[in-house]
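The block underneath contains the structure these notes are about, expressed in structure tokens.
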Amino acid sequence: MQLLVYILVYPIIWFISILPMPLLYFTSDVIYVLVFRIIGYRKKVVKSNLNLVFPEKSEQEIKDITKKFYHHLCDMMVESIKSLSISEKELKKRYVFTNVEEIHKIEKQNKSIVLMCAHYGSWEWIFILQKYVNHKGYAVYKRLENKYFDALIKRIRAKYDTQLITTKETVFKLGAAKKRGELTINGFVADQSPKPWKAFHWNEFMGIKVPIITGAEMLAKKLDMAVVFFSVKRIKRGFYETTFKTITLHPNEYKDYEISDLFIKYVEDQIKEDPAYYLWTHKRWKHKDIVPPEFQ
């Protein structure tokens, strides 16, 4: 069944990927009508999240953010598909790094890097970074259930020398790379909601206490990696600027969870600047009512 689904869906994905940019974004507009107007994909979740974290905003402001968010979400869908066929030249033009020298400074320190980001702006095209740096690229991801689409995602990332690894593989593979003397840059989208019974740390995110993922920080400490945050700014449709901010070169100088809290603060700053580009369809605050006594 997995193969059948892949055979049926892949030609559609490939066709979308080879569309010129104007037609690609026209397709996004069509998808927007389907996803937002007709299906109403997770509209209740989006509205609930926005009302929760922005109680001061009017109903009209929430509606405006919601529409803008869904337009961006659909753009992200087609841009992800475009990754199949987009040229290196085109990608470099559309996904610009404002201060890649920040990564080069860490290279000179002979340090590997934990690169942290949120579901904000565009994280799909970050893999073009490998064309600017010497570190070997790894990205932590959740394996897709369909093994054929999972293999496809890996092939796309491999075009730019990024290897996808699962959470369970992370410590082993990156530890082995360290033993080989290999410098690595390791991407973590670290704003998800961990299972509350597995969370070691809770803190406020957008004013609401939630469990915080701390795996990236703990890995950085275990393998003595620099920690870098990257923010993404949408310049115009299909064009983004990414800026790096070094949190620390020496993570073990920080108390446990301080780095994770700094990361959350940087994510909040992005969201407050322009809320529409955060991934509001995620149930990020679903555990807000079950805060353990020791974290209250």
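Chain labels run A, B, ... following the order of the structure tokens; each chain numbers its residues from 1, and ligands are numbered from 1 in the order shown.
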Shell of 9 Å around Arg234 (chain A), only C-alpha atoms, local chain residues under 3 positions omitted, as a list in words: Gly121, Ser122, Arg237, Gly238, Phe239, Tyr240, Glu241, Thr242 and Tyr277 of chain A
Dump as a compact mmCIF listing (two decimals), in the first residue's frame, selection limited to all heavy atoms:
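File produced: again-v4.txt:
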# COMPACT_ATOMS: atom_id res chain seq x y z
N GLY A 121 8.78 31.26 10.06
CA GLY A 121 9.32 31.73 8.78
C GLY A 121 9.45 30.59 7.80
O GLY A 121 8.46 30.02 7.35
N SER A 122 10.67 30.23 7.47
CA SER A 122 10.93 29.10 6.59
C SER A 122 12.15 28.35 7.08
O SER A 122 13.23 28.93 7.18
CB SER A 122 11.17 29.57 5.15
OG SER A 122 11.57 28.48 4.34
N ARG A 237 7.28 37.38 -0.80
CA ARG A 237 6.86 36.03 -1.11
C ARG A 237 7.98 35.24 -1.81
O ARG A 237 8.49 35.63 -2.85
CB ARG A 237 5.63 36.05 -2.01
CG ARG A 237 4.86 34.74 -2.03
CD ARG A 237 3.57 34.87 -2.81
NE ARG A 237 2.65 33.80 -2.43
CZ ARG A 237 1.47 33.60 -3.02
NH1 ARG A 237 1.07 34.41 -3.99
NH2 ARG A 237 0.69 32.61 -2.62
N GLY A 238 8.38 34.14 -1.16
CA GLY A 238 9.41 33.28 -1.75
C GLY A 238 10.83 33.70 -1.49
O GLY A 238 11.76 33.07 -1.99
N PHE A 239 11.02 34.75 -0.67
CA PHE A 239 12.37 35.24 -0.36
C PHE A 239 12.53 35.39 1.15
O PHE A 239 11.67 35.99 1.81
CB PHE A 239 12.63 36.58 -1.05
CG PHE A 239 12.76 36.48 -2.54
CD1 PHE A 239 11.63 36.47 -3.35
CD2 PHE A 239 14.01 36.38 -3.14
CE1 PHE A 239 11.74 36.37 -4.73
CE2 PHE A 239 14.13 36.28 -4.52
CZ PHE A 239 12.99 36.27 -5.32
N TYR A 240 13.65 34.88 1.67
CA TYR A 240 13.87 34.87 3.11
C TYR A 240 15.30 35.29 3.43
O TYR A 240 16.22 35.08 2.64
CB TYR A 240 13.62 33.47 3.68
CG TYR A 240 12.25 32.93 3.38
CD1 TYR A 240 12.02 32.15 2.24
CD2 TYR A 240 11.17 33.19 4.23
CE1 TYR A 240 10.76 31.65 1.95
CE2 TYR A 240 9.91 32.69 3.94
CZ TYR A 240 9.71 31.93 2.80
OH TYR A 240 8.46 31.44 2.51
N GLU A 241 15.47 35.86 4.62
CA GLU A 241 16.79 36.16 5.18
C GLU A 241 16.95 35.43 6.50
O GLU A 241 16.06 35.48 7.35
CB GLU A 241 16.95 37.66 5.42
CG GLU A 241 17.26 38.46 4.18
CD GLU A 241 17.55 39.92 4.49
OE1 GLU A 241 17.44 40.32 5.68
OE2 GLU A 241 17.91 40.66 3.56
N THR A 242 18.07 34.76 6.64
CA THR A 242 18.37 34.03 7.87
C THR A 242 19.56 34.67 8.57
O THR A 242 20.57 34.98 7.95
CB THR A 242 18.68 32.56 7.55
OG1 THR A 242 17.50 31.93 7.05
CG2 THR A 242 19.14 31.82 8.79
N TYR A 277 3.85 34.23 10.91
CA TYR A 277 4.79 33.27 10.34
C TYR A 277 5.18 32.15 11.30
O TYR A 277 6.09 31.38 11.00
CB TYR A 277 6.02 34.00 9.81
CG TYR A 277 5.66 35.01 8.74
CD1 TYR A 277 5.96 36.35 8.89
CD2 TYR A 277 4.96 34.61 7.61
CE1 TYR A 277 5.58 37.28 7.93
CE2 TYR A 277 4.59 35.52 6.64
CZ TYR A 277 4.90 36.85 6.80
OH TYR A 277 4.52 37.75 5.84
Would you list the contacts of Asp191 (chain A) as a ChimeraX atom specification, taking every protein, DNA or RNA residue within 8 Å and counting only C-alpha atoms, but skipping same-chain residues closer than 3 positions in sequence? /A:117-119,212-213,264
Contacts of region 32-41 of chain A at 8 Å (only C-alpha atoms; same-chain gap of 5+ positions) as a VMD selection string: chain A and resid 70 to 71 74
If you count only C-alpha atoms, which residues fall within 12 Å of region 128-133 of chain A, apart from same-chain ones fewer than 3 positions away, as a count of residues only? 52
From the list A:Val30, A:Met206, A:Ala226, A:Ala177, which residue is nearest Lys265 (chain A) when using only C-alpha atoms?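 Using only C-alpha atoms, the shortest distance to Lys265 (chain A) belongs to A:Met206.
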If we count only C-alpha atoms and set the cut-off at 12 Å, which residues sit around Phe54 (chain A), ignoring sequence neighbours fewer than 4 positions away in its own chain? Please answer as a ChimeraX atom specification. /A:46-50,58-59,61-62,65,206-208,271-272,275
Which neighbours of region 3-12 of chain A fall inside 9 Å, counting only C-alpha atoms, when residues of the same chain fewer than 6 positions from it are skipped, and could you give them as a ChimeraX atom specification? /A:146-149
Report as a PyMOL selection string all protein, DNA and RNA residues lying within 9 Å of Met77 (chain A), evaluated on only C-alpha atoms, omitting residues in the same chain fewer than 5 positions from it. chain A and resi 28+72+82
Smallest atom-to-atom distance to Pro292 (chain A): which of A:Lys178, A:Lys111, A:Lys68, A:His201, using only C-alpha atoms?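 Going through A:Lys178, A:Lys111, A:Lys68, A:His201 one by one, the smallest distance to Pro292 (chain A) is for A:His201.
Proximity ranking of A:Asn203, A:Asn110, A:Ser80, A:Ser260 relative to Gly181 (chain A) places A:Asn110 first, based on only C-alpha atoms.
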Give the strand (DSSP E) residues of region 154-256 of chain A, as assigned by DSSP on the backbone, as a PyMOL selection string. chain A and resi 162-165+184-189+202-205+208-211+226-236+239-248
Members of region 92-260 of chain A assigned alpha helix (DSSP H) by DSSP, as an MDAnalysis selection string: chainID A and resid 92:94 101:108 147:158 167:179 215:223 258:260
Separation of CA of Asp274 (chain A) from CA of Pro22 (chain A), in Å and rounded to one decimal: 24.7 Å
